[in-house]
>>> print(open('structure-v5.txt').read())   # compact mmCIF, C-alpha atoms
# COMPACT_ATOMS: atom_id res chain seq x y z
CA MET N 273 -39.16 17.60 45.51
CA LEU N 274 -40.26 14.15 44.35
CA SER N 275 -42.70 12.43 46.71
CA PHE N 276 -43.22 8.68 46.34
CA ASN N 277 -43.68 5.48 48.34
CA LYS N 278 -44.59 2.70 45.91
CA VAL N 279 -42.82 2.78 42.54
CA LEU N 280 -43.28 0.80 39.32
CA ILE N 281 -40.37 0.76 36.87
CA ILE N 282 -40.99 -0.06 33.22
CA ALA N 283 -37.51 -1.42 32.59
CA PRO N 284 -35.34 -1.41 29.45
CA SER N 285 -35.17 -4.59 27.40
CA TRP N 286 -31.39 -4.60 26.82
CA LEU N 287 -29.02 -6.08 29.40
CA GLY N 288 -26.62 -3.13 29.47
CA ASP N 289 -29.44 -0.61 29.82
CA MET N 290 -31.02 -2.69 32.58
CA ILE N 291 -27.77 -2.68 34.53
CA MET N 292 -27.25 1.05 34.03
CA SER N 293 -30.80 1.72 35.23
CA GLN N 294 -29.79 0.45 38.68
CA SER N 295 -28.29 3.89 39.26
CA LEU N 296 -31.84 5.29 39.20
CA TYR N 297 -33.05 2.71 41.73
CA LYS N 298 -30.13 3.54 44.00
CA GLU N 299 -31.03 7.23 43.76
CA LEU N 300 -34.70 6.54 44.58
CA LYS N 301 -33.67 4.56 47.66
CA ARG N 302 -31.33 7.36 48.68
CA LEU N 303 -34.23 9.81 48.45
CA ASN N 304 -36.63 7.50 50.28
CA LYS N 305 -35.01 4.41 51.84
CA ASN N 306 -38.42 3.00 52.77
CA CYS N 307 -39.93 3.13 49.30
CA THR N 308 -40.90 -0.04 47.45
CA ILE N 309 -39.57 -0.51 43.92
CA ASP N 310 -41.15 -3.08 41.61
CA VAL N 311 -39.71 -3.75 38.15
CA PHE N 312 -41.70 -4.70 35.04
CA ALA N 313 -39.18 -6.48 32.81
CA PRO N 314 -38.75 -9.45 30.44
CA LEU N 315 -38.54 -12.80 32.23
CA TRP N 316 -35.00 -13.49 31.04
CA MET N 317 -33.83 -10.48 33.06
CA LYS N 318 -35.22 -11.77 36.35
CA PRO N 319 -31.93 -13.37 37.52
CA ILE N 320 -30.12 -10.04 37.09
CA VAL N 321 -32.92 -8.03 38.74
CA GLU N 322 -32.73 -10.39 41.72
CA ARG N 323 -29.08 -9.39 42.16
CA MET N 324 -30.10 -5.77 42.75
CA ASP N 325 -30.64 -4.98 46.43
CA GLU N 326 -32.88 -2.03 45.60
CA ILE N 327 -35.61 -4.08 43.86
CA ASP N 328 -38.46 -5.43 45.98
CA ASN N 329 -40.54 -7.32 43.40
CA PHE N 330 -40.20 -8.55 39.84
CA ILE N 331 -43.20 -8.42 37.46
CA GLU N 332 -42.88 -10.21 34.15
CA ASN N 333 -43.19 -8.20 30.96
CA PRO N 334 -44.64 -10.86 28.61
CA PHE N 335 -44.32 -8.87 25.37
CA LYS N 336 -41.83 -9.80 22.70
CA HIS N 337 -39.63 -7.10 21.24
CA GLY N 338 -41.78 -4.96 18.93
CA GLU N 339 -45.07 -6.58 19.98
CA PHE N 340 -47.92 -4.10 20.47
CA ASN N 341 -51.08 -6.10 21.40
CA LEU N 342 -53.06 -3.31 23.08
CA LYS N 343 -55.75 -5.66 24.39
CA LYS N 344 -53.17 -7.75 26.23
CA ARG N 345 -51.46 -4.64 27.62
CA ILE N 346 -54.75 -3.45 29.08
CA SER N 347 -55.64 -6.86 30.53
CA ILE N 348 -52.38 -7.34 32.45
CA THR N 349 -52.90 -4.07 34.32
CA SER N 350 -55.78 -5.54 36.36
CA ASN N 351 -53.38 -6.68 39.10
CA LEU N 352 -51.48 -3.39 39.06
CA LYS N 353 -54.31 -0.87 39.35
CA ASP N 354 -54.12 1.63 42.19
CA LYS N 355 -51.07 -0.04 43.74
CA TYR N 356 -48.46 2.57 42.84
CA ASP N 357 -48.10 6.28 43.34
CA PHE N 358 -45.29 6.69 40.79
CA ALA N 359 -44.16 5.03 37.55
CA PHE N 360 -40.90 5.55 35.70
CA ILE N 361 -40.97 4.55 32.02
CA LEU N 362 -37.38 4.03 30.90
CA PRO N 363 -37.79 2.82 27.27
CA ASN N 364 -38.56 5.52 24.72
CA SER N 365 -41.29 3.64 22.88
CA PHE N 366 -44.95 4.67 22.80
CA LYS N 367 -46.19 1.19 23.76
CA SER N 368 -43.97 0.97 26.86
CA ALA N 369 -46.06 3.70 28.53
CA PHE N 370 -49.41 1.89 28.18
CA VAL N 371 -49.21 -0.29 31.31
CA PRO N 372 -48.77 2.58 33.81
CA PHE N 373 -51.49 4.55 32.01
CA PHE N 374 -54.10 1.78 32.20
CA ALA N 375 -52.97 0.85 35.74
CA HIS N 376 -54.19 4.33 36.82
CA ILE N 377 -50.80 5.32 38.23
CA LYS N 378 -51.15 8.98 39.08
CA ASN N 379 -47.58 10.10 38.28
CA ARG N 380 -46.07 8.67 35.09
CA ARG N 381 -42.60 10.01 34.36
CA GLY N 382 -40.20 9.52 31.46
CA PHE N 383 -38.59 11.26 28.51
CA ILE N 384 -40.93 12.31 25.74
CA GLY N 385 -39.81 9.49 23.41
CA GLU N 386 -42.33 8.67 20.67
CA SER N 387 -44.74 11.57 21.30
CA ARG N 388 -46.14 10.08 24.50
CA TYR N 389 -47.94 13.27 25.55
CA ILE N 390 -51.16 11.52 26.59
CA LEU N 391 -49.59 8.53 28.31
CA LEU N 392 -47.03 10.48 30.34
CA ASN N 393 -48.09 13.34 32.57
CA ASN N 394 -44.68 14.14 34.03
CA MET N 395 -42.05 14.24 31.32
CA ARG N 396 -38.67 15.52 30.29
CA LYS N 397 -38.23 16.89 26.77
CA ASN N 398 -34.54 17.84 26.97
CA LYS N 399 -32.74 14.55 26.30
CA GLU N 400 -29.84 16.44 24.75
CA ASP N 401 -29.04 18.01 28.14
CA PHE N 402 -28.23 14.54 29.49
CA PRO N 403 -25.67 13.03 27.08
CA LEU N 404 -25.09 9.81 29.04
CA MET N 405 -27.79 7.16 29.26
CA VAL N 406 -27.21 6.84 33.01
CA GLU N 407 -27.71 10.59 33.42
CA ARG N 408 -31.09 10.34 31.69
CA TYR N 409 -32.16 7.56 34.00
CA VAL N 410 -31.03 9.26 37.21
CA SER N 411 -32.47 12.65 36.20
CA LEU N 412 -35.94 11.11 36.37
CA ALA N 413 -35.59 10.88 40.16
CA PHE N 414 -35.77 14.68 40.30
CA ASP N 415 -38.31 17.30 39.27
CA ASN N 416 -37.50 19.25 36.12
CA ASP N 417 -36.87 22.50 37.98
CA GLU N 418 -34.57 20.75 40.46
CA VAL N 419 -32.30 19.02 37.92
CA LYS N 420 -32.28 20.89 34.60
CA THR N 421 -29.14 19.45 32.97
CA SER N 422 -26.51 16.81 33.65
CA HIS N 423 -24.44 19.45 35.44
CA ASP N 424 -27.02 19.44 38.24
CA LEU N 425 -26.49 15.73 38.91
CA LYS N 426 -24.02 15.04 41.68
CA ASP N 427 -22.48 11.77 42.82
CA ILE N 428 -24.24 9.27 40.57
CA LEU N 429 -24.25 5.89 42.30
CA TYR N 430 -22.81 3.22 40.02
CA PRO N 431 -24.52 -0.15 39.51
CA LYS N 432 -23.35 -2.93 41.80
CA LEU N 433 -24.69 -6.45 41.40
CA LYS N 434 -24.48 -9.07 44.13
CA THR N 435 -22.08 -11.88 43.25
CA LYS N 436 -20.94 -15.19 44.72
CA PRO N 437 -18.30 -17.74 43.67
CA LEU N 438 -19.45 -20.55 41.42
CA ASP N 439 -19.91 -23.84 43.23
CA LYS N 440 -17.83 -26.94 42.51
CA ASP N 441 -20.57 -28.64 40.47
CA THR N 442 -20.93 -25.66 38.14
CA LEU N 443 -17.17 -25.39 37.65
CA GLU N 444 -17.05 -29.09 36.76
CA ARG N 445 -19.98 -28.75 34.34
CA LEU N 446 -18.18 -25.89 32.60
CA ASN N 447 -14.90 -27.83 32.70
CA LEU N 448 -13.23 -24.87 34.37
CA ASN N 449 -9.98 -24.96 36.32
CA VAL N 450 -9.57 -21.80 38.39
CA GLU N 451 -6.06 -22.46 39.69
CA ARG N 452 -4.63 -19.90 37.27
CA PRO N 453 -5.75 -16.24 37.32
CA LEU N 454 -8.64 -15.79 34.88
CA MET N 455 -9.22 -13.15 32.20
CA ALA N 456 -12.75 -12.85 30.83
CA LEU N 457 -13.45 -12.09 27.17
CA GLY N 458 -16.63 -10.27 26.19
CA CYS N 459 -16.15 -10.78 22.46
CA GLY N 460 -19.76 -10.63 21.25
CA ALA N 461 -22.15 -7.74 20.63
CA ASN N 462 -25.81 -8.13 19.71
CA TYR N 463 -25.70 -4.66 18.17
CA GLY N 464 -23.61 -5.68 15.19
CA PRO N 465 -20.08 -6.11 13.80
CA THR N 466 -19.07 -2.46 14.27
CA LYS N 467 -18.84 -3.19 18.00
CA MET N 468 -16.76 -6.36 17.61
CA TRP N 469 -12.98 -6.20 17.98
CA PRO N 470 -11.33 -8.62 15.48
CA CYS N 471 -11.07 -12.25 16.60
CA GLU N 472 -7.34 -12.44 15.85
CA TYR N 473 -6.82 -9.42 18.13
CA PHE N 474 -8.67 -11.11 21.00
CA ALA N 475 -6.50 -14.17 20.35
CA LYS N 476 -3.24 -12.23 20.54
CA ALA N 477 -4.25 -10.59 23.84
CA SER N 478 -5.35 -13.99 25.16
CA MET N 479 -2.03 -15.64 24.30
CA HIS N 480 -0.18 -12.81 26.04
CA PHE N 481 -2.19 -13.38 29.22
CA ILE N 482 -1.73 -17.17 29.06
CA LYS N 483 2.04 -16.80 28.55
CA LYS N 484 2.17 -14.73 31.72
CA GLY N 485 0.62 -17.60 33.68
CA GLY N 486 -3.09 -16.91 33.36
CA ALA N 487 -6.07 -18.59 31.71
CA VAL N 488 -8.81 -17.10 29.54
CA VAL N 489 -12.55 -17.68 29.71
CA ALA N 490 -14.69 -16.55 26.77
CA LEU N 491 -18.27 -15.74 27.72
CA GLY N 492 -21.39 -14.94 25.76
CA SER N 493 -24.62 -16.37 24.45
CA GLN N 494 -25.20 -19.21 22.01
CA LYS N 495 -24.94 -16.62 19.22
CA ASP N 496 -21.30 -15.99 20.20
CA LYS N 497 -20.17 -19.63 19.83
CA ASP N 498 -18.79 -19.12 16.31
CA THR N 499 -16.91 -15.97 17.36
CA VAL N 500 -15.29 -17.75 20.31
CA ALA N 501 -14.38 -20.74 18.13
CA LYS N 502 -12.72 -18.39 15.64
CA ILE N 503 -10.71 -16.72 18.41
CA LYS N 504 -9.56 -20.14 19.61
CA SER N 505 -8.48 -21.05 16.05
CA PHE N 506 -5.96 -18.18 16.16
CA ILE N 507 -4.47 -19.38 19.47
CA ASP N 508 -1.49 -21.75 19.53
CA GLU N 509 -2.69 -25.29 20.21
CA SER N 510 -0.27 -25.59 23.12
CA MET N 511 -2.33 -22.91 24.89
CA HIS N 512 -5.76 -24.43 24.24
CA PRO N 513 -5.89 -26.10 27.70
CA TYR N 514 -5.90 -22.59 29.20
CA PHE N 515 -8.61 -21.19 26.94
CA TYR N 516 -12.12 -21.96 28.15
CA ASP N 517 -15.15 -21.56 25.90
CA VAL N 518 -18.31 -21.24 28.02
CA ALA N 519 -20.35 -19.19 25.53
CA GLY N 520 -23.93 -20.41 25.53
CA ASN N 521 -23.30 -22.66 28.54
CA THR N 522 -24.08 -20.23 31.35
CA ASN N 523 -27.16 -18.34 32.43
CA LEU N 524 -26.93 -14.67 33.31
CA THR N 525 -26.11 -15.12 36.98
CA GLU N 526 -23.59 -17.89 36.33
CA ALA N 527 -21.84 -15.56 33.89
CA LEU N 528 -21.95 -12.77 36.47
CA ASP N 529 -20.53 -15.00 39.22
CA LEU N 530 -17.83 -16.33 36.90
CA ILE N 531 -16.88 -12.77 35.97
CA SER N 532 -16.55 -11.95 39.68
CA MET N 533 -13.90 -14.70 39.93
CA CYS N 534 -11.80 -13.14 37.15
CA LYS N 535 -8.83 -10.87 37.64
CA VAL N 536 -9.48 -8.75 34.54
CA ALA N 537 -11.58 -8.63 31.36
CA ILE N 538 -11.41 -7.38 27.78
CA CYS N 539 -14.82 -6.47 26.38
CA ASN N 540 -16.51 -4.98 23.37
CA ASP N 541 -19.07 -2.27 24.09
CA SER N 542 -21.84 -4.68 25.09
CA GLY N 543 -24.13 -5.90 27.85
CA LEU N 544 -21.30 -8.06 29.11
CA MET N 545 -19.11 -4.96 29.48
CA HIS N 546 -21.73 -3.45 31.78
CA THR N 547 -21.98 -6.75 33.67
CA VAL N 548 -18.22 -6.69 34.28
CA ALA N 549 -18.47 -3.09 35.46
CA ALA N 550 -21.27 -3.98 37.89
CA ALA N 551 -19.19 -6.89 39.21
CA ASP N 552 -16.44 -4.34 40.00
CA ILE N 553 -13.76 -6.11 37.95
CA PRO N 554 -10.97 -4.23 36.11
CA GLN N 555 -11.49 -4.28 32.36
CA ILE N 556 -10.40 -2.86 29.03
CA CYS N 557 -13.36 -1.71 26.93
CA ILE N 558 -13.20 -1.42 23.14
CA PHE N 559 -15.29 1.31 21.49
CA GLY N 560 -15.37 1.19 17.69
CA SER N 561 -18.50 2.71 16.14
CA THR N 562 -19.96 3.76 19.50
CA SER N 563 -18.93 6.35 22.04
CA THR N 564 -18.01 6.58 25.70
CA LYS N 565 -19.98 9.83 25.67
CA TYR N 566 -23.22 7.85 25.61
CA THR N 567 -22.95 4.46 27.34
CA PRO N 568 -19.57 4.12 29.07
CA PRO N 569 -18.98 1.34 31.60
CA LEU N 570 -19.95 2.65 35.03
CA SER N 571 -16.87 1.67 36.98
CA ASP N 572 -13.73 3.36 38.22
CA LYS N 573 -11.88 0.18 37.24
CA ALA N 574 -12.82 0.36 33.56
CA HIS N 575 -10.26 1.57 31.00
CA CYS N 576 -11.79 2.55 27.67
CA ILE N 577 -9.92 2.54 24.37
CA GLU N 578 -11.91 4.47 21.80
CA SER N 579 -11.50 4.84 18.05
CA LYS N 580 -9.87 8.01 16.74
CA GLU N 581 -11.11 7.64 13.17
CA GLU N 582 -12.64 10.74 11.55
CA CYS N 583 -15.93 8.90 11.05
CA HIS N 584 -16.16 7.96 14.72
CA PRO N 585 -18.70 7.65 16.25
CA CYS N 586 -21.10 6.63 13.50
CA PHE N 587 -23.34 4.35 15.64
CA LYS N 588 -23.95 2.22 12.54
CA LYS N 589 -24.33 -1.54 12.83
CA THR N 590 -22.15 -2.18 9.79
CA CYS N 591 -19.28 -0.13 8.37
CA LYS N 592 -20.37 2.00 5.40
CA PHE N 593 -16.78 1.90 4.09
CA ASN N 594 -16.53 -1.86 4.73
CA THR N 595 -13.13 -1.33 6.38
CA TYR N 596 -13.99 -1.43 10.10
CA ALA N 597 -10.93 0.76 10.62
CA CYS N 598 -12.39 2.05 13.89
CA LEU N 599 -11.83 -1.42 15.36
CA LYS N 600 -8.80 -2.59 13.40
CA ASN N 601 -6.77 0.46 14.37
CA ILE N 602 -7.21 -0.36 18.04
CA THR N 603 -4.28 -2.76 17.86
CA PRO N 604 -3.60 -5.77 20.09
CA ASP N 605 -0.34 -4.14 21.21
CA LEU N 606 -2.27 -1.11 22.42
CA VAL N 607 -4.64 -3.30 24.45
CA ILE N 608 -1.83 -5.52 25.76
CA SER N 609 0.09 -2.46 26.91
CA LYS N 610 -2.96 -1.26 28.85
CA LEU N 611 -3.52 -4.77 30.20
CA ASP N 612 0.02 -4.89 31.62
CA GLU N 613 -0.55 -1.47 33.09
CA ILE N 614 -3.62 -2.39 35.11
CA ILE N 615 -2.85 -5.97 36.13
CA THR N 616 0.12 -8.03 37.33
CA LEU N 617 0.25 -11.82 37.63
>>> encode(input="structure-v5.txt", output="structure tokens")
Amino acid sequence: MLSFNKVLIIAPSWLGDMIMSQSLYKELKRLNKNCTIDVFAPLWMKPIVERMDEIDNFIENPFKHGEFNLKKRISITSNLKDKYDFAFILPNSFKSAFVPFFAHIKNRRGFIGESRYILLNNMRKNKEDFPLMVERYVSLAFDNDEVKTSHDLKDILYPKLKTKPLDKDTLERLNLNVERPLMALGCGANYGPTKMWPCEYFAKASMHFIKKGGAVVALGSQKDKDTVAKIKSFIDESMHPYFYDVAGNTNLTEALDLISMCKVAICNDSGLMHTVAAADIPQICIFGSTSTKYTPPLSDKAHCIESKEECHPCFKKTCKFNTYACLKNITPDLVISKLDEIITL
């Protein structure tokens, strides 16, 4: 049985993975409600971490993606030494395990990853026995002989982020009118185009929702501005007053709180999909090149539509056939039918 009081988490650096990792923190608190959990994560994730009740303290991970800088990794451990009795290293990289090692944390647990035999002293080597990412995270809360495969995991606690309605000033800044029911669009995907449902398909589903009396809000980062603009170009001009483009204009928590005000969402397989799931909002999730057997949305209100192409899932960032059939054959009519099934206006 795992014994711990003060825990350091080396967190993932992707939004969706960070949200899914909350299931581990929930499990640790269930095992020891008085334990302290501190998270070592990139600064941009701090607003999301602060919406997790299980986290006690945030510690900034100052390293850029791919940066090694061993000297800096050793130096930042000076304030962490001998403060923790357990560390969980969630990324698979070799460098992610350095901080717990040099902080002299006695128990350092994670999956084997990039041959981290020296840096980890309490590891799992059977990743294939835990197909879902969330199962891998939660399994780390248990000793290897206690939980051997995913079948031994019972009642995984889903992520749940704290939300609150956006204030009047923020709604005015975003030029949002919330009198009509809102549908959120998660139309971007940092991973690549094989995760991105066609813009004209998003537009058709949006027009259907607007015709029924709703309004649509397209979220995302600055990188998604062009995608949202393209979706809007496919929408009848008469409906433009009910299509709101806020991509790049919200921070993470504003996006989360806006999502919580929506009635439903349509999302690519992305960090935003996991944000919607953690906000407990009904959604339709599009899976093209990726699979629900690895990173599904952790919500009973999520409805996944997954490609049935022979090449699915390929997990490639671009289509090797240059057809993107896995996405194009998930038609707007199919999504609209599911939308009408799960929501009424």
>>> residues_around(input="structure-v5.txt", residues="segment 445-455 of chain N", least_positions_apart="4", cutoff="12 Å", atoms="all atoms listed in the file", output="ChimeraX atom specification")
/N:437-441,474,477-491,513-523,526-527,530-539,548,553-556,611,615-617
>>> atom_distance(input="structure-v5.txt", atom1="atom CA of Pro334 of chain N", atom2="atom CA of Phe374 of chain N")
16.2 Å
>>> closest_residue(input="structure-v5.txt", among="N:Pro284, N:Ser422, N:Asp427, N:Glu326", to="Ser365 of chain N", atoms="all atoms listed in the file")
N:Pro284
>>> residues_near_point(input="structure-v5.txt", point="(-15.7, 5.5, 19.6)", cutoff="8 Å", atoms="only C-alpha atoms", output="number ranges by chain")
N: 559-564, 578-580, 584-585, 598
>>> atom_distance(input="structure-v5.txt", atom1="atom CA of Lys436 of chain N", atom2="atom CA of Thr525 of chain N")
9.3 Å
>>> atom_distance(input="structure-v5.txt", atom1="atom CA of Ala359 of chain N", atom2="atom CA of Ile282 of chain N")
7.4 Å
>>> closest_residue(input="structure-v5.txt", among="N:Ser285, N:Ser505, N:Asn462, N:Ser387", to="Phe335 of chain N", atoms="all atoms listed in the file")
N:Ser285
>>> closest_residue(input="structure-v5.txt", among="N:Glu613, N:Glu407, N:Asp401, N:Asp552", to="Lys420 of chain N", atoms="all atoms listed in the file")
N:Asp401
>>> closest_residue(input="structure-v5.txt", among="N:Asn601, N:Asn341, N:Ser510, N:Thr595", to="Ile558 of chain N", atoms="only C-alpha atoms")
N:Asn601
>>> closest_residue(input="structure-v5.txt", among="N:Trp316, N:Phe402, N:Phe340, N:Trp469", to="Pro604 of chain N", atoms="all atoms listed in the file")
N:Trp469
>>> residues_around(input="structure-v5.txt", residues="Val419 of chain N", least_positions_apart="4", cutoff="12 Å", atoms="only C-alpha atoms", output="list in words")
Met273, Leu274, Arg396, Asn398, Asp401, Phe402, Glu407, Arg408, Val410, Ser411, Leu412, Ala413, Phe414, Asp415, His423, Asp424, Leu425 and Lys426 of chain N
>>> write_last_selection(input="structure-v5.txt", atoms="C-alpha atoms", output="PDB file, in the coordinates of the input")
ATOM      1  CA  MET N 273     -39.160  17.600  45.510  1.00  0.00           C
ATOM      2  CA  LEU N 274     -40.260  14.150  44.350  1.00  0.00           C
ATOM      3  CA  ARG N 396     -38.670  15.520  30.290  1.00  0.00           C
ATOM      4  CA  ASN N 398     -34.540  17.840  26.970  1.00  0.00           C
ATOM      5  CA  ASP N 401     -29.040  18.010  28.140  1.00  0.00           C
ATOM      6  CA  PHE N 402     -28.230  14.540  29.490  1.00  0.00           C
ATOM      7  CA  GLU N 407     -27.710  10.590  33.420  1.00  0.00           C
ATOM      8  CA  ARG N 408     -31.090  10.340  31.690  1.00  0.00           C
ATOM      9  CA  VAL N 410     -31.030   9.260  37.210  1.00  0.00           C
ATOM     10  CA  SER N 411     -32.470  12.650  36.200  1.00  0.00           C
ATOM     11  CA  LEU N 412     -35.940  11.110  36.370  1.00  0.00           C
ATOM     12  CA  ALA N 413     -35.590  10.880  40.160  1.00  0.00           C
ATOM     13  CA  PHE N 414     -35.770  14.680  40.300  1.00  0.00           C
ATOM     14  CA  ASP N 415     -38.310  17.300  39.270  1.00  0.00           C
ATOM     15  CA  HIS N 423     -24.440  19.450  35.440  1.00  0.00           C
ATOM     16  CA  ASP N 424     -27.020  19.440  38.240  1.00  0.00           C
ATOM     17  CA  LEU N 425     -26.490  15.730  38.910  1.00  0.00           C
ATOM     18  CA  LYS N 426     -24.020  15.040  41.680  1.00  0.00           C
TER      19      LYS N 426
END
>>> decode(input="structure-v5.txt", residues="segment 428-436 of chain N", atoms="all heavy atoms", output="PDB file, in the first residue's frame")
ATOM      1  N   ILE N 428     -12.600   5.174 -11.569  1.00  0.00           N
ATOM      2  CA  ILE N 428     -11.710   6.306 -11.800  1.00  0.00           C
ATOM      3  C   ILE N 428     -12.505   7.603 -11.666  1.00  0.00           C
ATOM      4  O   ILE N 428     -13.591   7.750 -12.232  1.00  0.00           O
ATOM      5  CB  ILE N 428     -11.063   6.219 -13.196  1.00  0.00           C
ATOM      6  CG1 ILE N 428     -10.049   5.063 -13.226  1.00  0.00           C
ATOM      7  CG2 ILE N 428     -10.383   7.526 -13.581  1.00  0.00           C
ATOM      8  CD1 ILE N 428      -9.396   4.855 -14.576  1.00  0.00           C
ATOM      9  N   LEU N 429     -11.982   8.524 -10.894  1.00  0.00           N
ATOM     10  CA  LEU N 429     -12.644   9.805 -10.667  1.00  0.00           C
ATOM     11  C   LEU N 429     -12.304  10.755 -11.806  1.00  0.00           C
ATOM     12  O   LEU N 429     -11.138  11.051 -12.054  1.00  0.00           O
ATOM     13  CB  LEU N 429     -12.201  10.393  -9.325  1.00  0.00           C
ATOM     14  CG  LEU N 429     -12.517   9.533  -8.089  1.00  0.00           C
ATOM     15  CD1 LEU N 429     -11.837  10.097  -6.846  1.00  0.00           C
ATOM     16  CD2 LEU N 429     -14.027   9.444  -7.875  1.00  0.00           C
ATOM     17  N   TYR N 430     -13.309  11.241 -12.498  1.00  0.00           N
ATOM     18  CA  TYR N 430     -13.092  12.108 -13.649  1.00  0.00           C
ATOM     19  C   TYR N 430     -12.644  13.506 -13.226  1.00  0.00           C
ATOM     20  O   TYR N 430     -12.997  13.983 -12.142  1.00  0.00           O
ATOM     21  CB  TYR N 430     -14.372  12.235 -14.467  1.00  0.00           C
ATOM     22  CG  TYR N 430     -14.708  11.033 -15.323  1.00  0.00           C
ATOM     23  CD1 TYR N 430     -15.975  10.893 -15.887  1.00  0.00           C
ATOM     24  CD2 TYR N 430     -13.766  10.045 -15.576  1.00  0.00           C
ATOM     25  CE1 TYR N 430     -16.295   9.802 -16.683  1.00  0.00           C
ATOM     26  CE2 TYR N 430     -14.073   8.949 -16.378  1.00  0.00           C
ATOM     27  CZ  TYR N 430     -15.340   8.834 -16.924  1.00  0.00           C
ATOM     28  OH  TYR N 430     -15.652   7.757 -17.712  1.00  0.00           O
ATOM     29  N   PRO N 431     -11.881  14.181 -14.071  1.00  0.00           N
ATOM     30  CA  PRO N 431     -11.510  15.572 -13.788  1.00  0.00           C
ATOM     31  C   PRO N 431     -12.743  16.462 -13.654  1.00  0.00           C
ATOM     32  O   PRO N 431     -13.764  16.241 -14.321  1.00  0.00           O
ATOM     33  CB  PRO N 431     -10.699  15.978 -15.028  1.00  0.00           C
ATOM     34  CG  PRO N 431     -10.162  14.687 -15.564  1.00  0.00           C
ATOM     35  CD  PRO N 431     -11.237  13.671 -15.296  1.00  0.00           C
ATOM     36  N   LYS N 432     -12.629  17.439 -12.793  1.00  0.00           N
ATOM     37  CA  LYS N 432     -13.718  18.407 -12.577  1.00  0.00           C
ATOM     38  C   LYS N 432     -13.088  19.724 -12.160  1.00  0.00           C
ATOM     39  O   LYS N 432     -12.564  19.851 -11.049  1.00  0.00           O
ATOM     40  CB  LYS N 432     -14.675  17.888 -11.496  1.00  0.00           C
ATOM     41  CG  LYS N 432     -15.804  18.843 -11.148  1.00  0.00           C
ATOM     42  CD  LYS N 432     -16.814  18.961 -12.262  1.00  0.00           C
ATOM     43  CE  LYS N 432     -18.025  19.791 -11.813  1.00  0.00           C
ATOM     44  NZ  LYS N 432     -18.957  20.036 -12.923  1.00  0.00           N
ATOM     45  N   LEU N 433     -13.119  20.701 -13.055  1.00  0.00           N
ATOM     46  CA  LEU N 433     -12.528  22.002 -12.787  1.00  0.00           C
ATOM     47  C   LEU N 433     -13.574  22.961 -12.232  1.00  0.00           C
ATOM     48  O   LEU N 433     -14.730  22.956 -12.666  1.00  0.00           O
ATOM     49  CB  LEU N 433     -11.927  22.588 -14.070  1.00  0.00           C
ATOM     50  CG  LEU N 433     -10.811  21.777 -14.734  1.00  0.00           C
ATOM     51  CD1 LEU N 433     -10.408  22.417 -16.065  1.00  0.00           C
ATOM     52  CD2 LEU N 433      -9.600  21.653 -13.821  1.00  0.00           C
ATOM     53  N   LYS N 434     -13.153  23.794 -11.296  1.00  0.00           N
ATOM     54  CA  LYS N 434     -14.057  24.807 -10.748  1.00  0.00           C
ATOM     55  C   LYS N 434     -14.342  25.855 -11.820  1.00  0.00           C
ATOM     56  O   LYS N 434     -13.449  26.282 -12.538  1.00  0.00           O
ATOM     57  CB  LYS N 434     -13.424  25.474  -9.524  1.00  0.00           C
ATOM     58  CG  LYS N 434     -13.259  24.567  -8.323  1.00  0.00           C
ATOM     59  CD  LYS N 434     -12.665  25.290  -7.138  1.00  0.00           C
ATOM     60  CE  LYS N 434     -11.206  25.660  -7.375  1.00  0.00           C
ATOM     61  NZ  LYS N 434     -10.562  26.252  -6.183  1.00  0.00           N
ATOM     62  N   THR N 435     -15.588  26.260 -11.921  1.00  0.00           N
ATOM     63  CA  THR N 435     -15.976  27.268 -12.906  1.00  0.00           C
ATOM     64  C   THR N 435     -16.831  28.344 -12.240  1.00  0.00           C
ATOM     65  O   THR N 435     -17.383  28.146 -11.156  1.00  0.00           O
ATOM     66  CB  THR N 435     -16.777  26.655 -14.065  1.00  0.00           C
ATOM     67  OG1 THR N 435     -17.993  26.088 -13.547  1.00  0.00           O
ATOM     68  CG2 THR N 435     -15.978  25.581 -14.780  1.00  0.00           C
ATOM     69  N   LYS N 436     -16.944  29.481 -12.922  1.00  0.00           N
ATOM     70  CA  LYS N 436     -17.822  30.561 -12.479  1.00  0.00           C
ATOM     71  C   LYS N 436     -18.256  31.343 -13.715  1.00  0.00           C
ATOM     72  O   LYS N 436     -17.520  31.413 -14.708  1.00  0.00           O
ATOM     73  CB  LYS N 436     -17.117  31.466 -11.476  1.00  0.00           C
ATOM     74  CG  LYS N 436     -15.830  32.094 -11.996  1.00  0.00           C
ATOM     75  CD  LYS N 436     -15.136  32.898 -10.909  1.00  0.00           C
ATOM     76  CE  LYS N 436     -13.843  33.511 -11.447  1.00  0.00           C
ATOM     77  NZ  LYS N 436     -13.117  34.283 -10.413  1.00  0.00           N
TER      78      LYS N 436
END
